[in-house]
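The structure appears right after this line, and notes come after that.
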Amino acid sequence: MAEQIRVVLVDDQQLVRAGLAMVIAAQDDMVVVGEAGDGTEAVALVGRTVCDVVLMDVRMPGMDGLEATRQILAAADLTGMELPPRIVMLTTYDLDEYLLTAIRSGASGFLLKNAPPADLLGGIRTVHTGDAVIAPSATRRLLAHVGVGPEAPPTEDPRFATLTDREREVLELIARGQSNAEISASLFLSETTVKTHVRRVLAKLGVRDRVQAVVAAYESGIARPGGGG
């Protein structure tokens with residue numbers, strides 16, 4: 001049997017956690033290894049539990065999911081954890097303020113609680129592979145929020161100077177929402193080569209996943225709304 005994805009559930013509503021646990025328990029490749037009812041519990045739980053993915057509610061009493069995400073990832077950085085848990089934010093509210101704050105806090109995903117179970121499970125698998133997932137309804141608005149206007153000067157960021165011309169091309173296509181397969185077709189490269197370029201881009205920018213890379217690219221002016229580089 002293949003190694004299972006270890007999931008922690010964080011939500012202040014026990015019924016929600018029970019529903020999520022039931023869906024995950026039906027999967028051969030996943031297992032729930034812990035549950036928490038608020039952000040403070042979540043930080044403590046993840047600190048003592050080996051897990052791969054955390055499903056984190058955004059709005060909770062006391063410490064909310066955004067602050068818990070920051071603390072969990074900061075603790076992982078301090079301890080030098082090679083593979084910190086991937087965090088997927090879950091919310092009932094499709095609000096821009098939560099989305100952008102979640103991404104900047106280091107979350108690897110942002111999904112609505114009313115998403116179909118297949119989308120939720122697919123999101124867990126996606127972030128576990130090192131990629132990121134955002135509710136489709138929110139993706140375009142995210143880029144609109146972080147994108148600089150056509151007249152705004154790009155922000156100087158020395159990280160981008162380390163990218164090769166090919167890596168910059170790959171980043172621009174990632175920012176347009178292209179998958180590895182689509183980038184492969186656009187640049188006439190094998191998917192294996194594209195994956196290598198993506199890994200190098202993430203490493204050079206010091207970001208966790210493609211969404212973080214896209215945010216950095218738009219904020220710096222490397223990528224612009226409408227697909228222009």
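Order determines the names: the first chain of the structure tokens is A, the second B, and so forth; residues in each chain are numbered 1 upward, and ligands are numbered 1 upward as they are shown.
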
Query raised in the report: If we count only C-alpha atoms, what is near Asp28 of chain A at a cut-off of 12 Å, once residues fewer than 4 positions away on the same chain are taken out, given as a count of residues only?
Result: 10

Query - Close residues, segment 108-113 of chain A itself excluded, 8 Å, only C-alpha atoms, min 3 positions apart in chain, as a PyMOL selection string - result: chain A and resi 86-94+99+102-103+120+123+127+131-135+208-209+211

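The spacing separating atom CA of Asp52 of chain A from atom CA of Pro84 of chain A amounts to 7.5 Å.
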
Query raised in the report: Given the choices A:Val16, A:Met56, A:Ile222, A:Ala203, which gets closest to Ile124 of chain A if the distance is worked out from only C-alpha atoms?
Result: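 Ranked by minimum distance to Ile124 of chain A, first place goes to A:Met56.
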
Requested in this report: Kindly indicate which residue among A:Ala68, A:Leu83, A:Val43, A:Ala21 lies nearest to His128 of chain A, using only C-alpha atoms for the distances.
Outcome: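 Of A:Ala68, A:Leu83, A:Val43, A:Ala21, the one nearest His128 of chain A, counting only C-alpha atoms, is A:Leu83.
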
Query - Sel. of strand (DSSP E or B) residues, segment 30-70 of chain A, as an NGL selection string - result: :A and (30-36 or 53-57)

Take the residues from that selection and write them out as a PDB file, in the first residue's frame, keeping N, CA and C atoms.
ATOM      1  N   MET A  30      -5.294   8.610   2.023  1.00  0.00           N
ATOM      2  CA  MET A  30      -5.311   9.675   3.027  1.00  0.00           C
ATOM      3  C   MET A  30      -5.702   9.140   4.387  1.00  0.00           C
ATOM      4  N   VAL A  31      -5.240   9.827   5.432  1.00  0.00           N
ATOM      5  CA  VAL A  31      -5.629   9.482   6.789  1.00  0.00           C
ATOM      6  C   VAL A  31      -5.620  10.755   7.637  1.00  0.00           C
ATOM      7  N   VAL A  32      -6.621  10.911   8.500  1.00  0.00           N
ATOM      8  CA  VAL A  32      -6.667  12.040   9.435  1.00  0.00           C
ATOM      9  C   VAL A  32      -5.823  11.695  10.664  1.00  0.00           C
ATOM     10  N   VAL A  33      -4.832  12.531  10.970  1.00  0.00           N
ATOM     11  CA  VAL A  33      -3.935  12.243  12.090  1.00  0.00           C
ATOM     12  C   VAL A  33      -4.158  13.179  13.270  1.00  0.00           C
ATOM     13  N   GLY A  34      -5.116  14.114  13.143  1.00  0.00           N
ATOM     14  CA  GLY A  34      -5.379  15.008  14.265  1.00  0.00           C
ATOM     15  C   GLY A  34      -6.443  16.032  13.930  1.00  0.00           C
ATOM     16  N   GLU A  35      -7.073  16.564  14.974  1.00  0.00           N
ATOM     17  CA  GLU A  35      -8.103  17.586  14.805  1.00  0.00           C
ATOM     18  C   GLU A  35      -7.912  18.668  15.865  1.00  0.00           C
ATOM     19  N   ALA A  36      -8.225  19.920  15.483  1.00  0.00           N
ATOM     20  CA  ALA A  36      -8.151  21.031  16.426  1.00  0.00           C
ATOM     21  C   ALA A  36      -9.354  21.940  16.216  1.00  0.00           C
ATOM     22  N   VAL A  53      -0.564  17.688   5.270  1.00  0.00           N
ATOM     23  CA  VAL A  53      -1.495  18.726   4.839  1.00  0.00           C
ATOM     24  C   VAL A  53      -2.385  19.126   6.009  1.00  0.00           C
ATOM     25  N   VAL A  54      -2.610  20.435   6.160  1.00  0.00           N
ATOM     26  CA  VAL A  54      -3.528  20.948   7.181  1.00  0.00           C
ATOM     27  C   VAL A  54      -4.694  21.626   6.471  1.00  0.00           C
ATOM     28  N   LEU A  55      -5.917  21.189   6.765  1.00  0.00           N
ATOM     29  CA  LEU A  55      -7.111  21.889   6.288  1.00  0.00           C
ATOM     30  C   LEU A  55      -7.497  22.878   7.378  1.00  0.00           C
ATOM     31  N   MET A  56      -7.360  24.161   7.086  1.00  0.00           N
ATOM     32  CA  MET A  56      -7.461  25.202   8.113  1.00  0.00           C
ATOM     33  C   MET A  56      -8.641  26.136   7.844  1.00  0.00           C
ATOM     34  N   ASP A  57      -9.570  26.182   8.790  1.00  0.00           N
ATOM     35  CA  ASP A  57     -10.668  27.154   8.700  1.00  0.00           C
ATOM     36  C   ASP A  57     -10.089  28.562   8.850  1.00  0.00           C
TER      37      ASP A  57
END
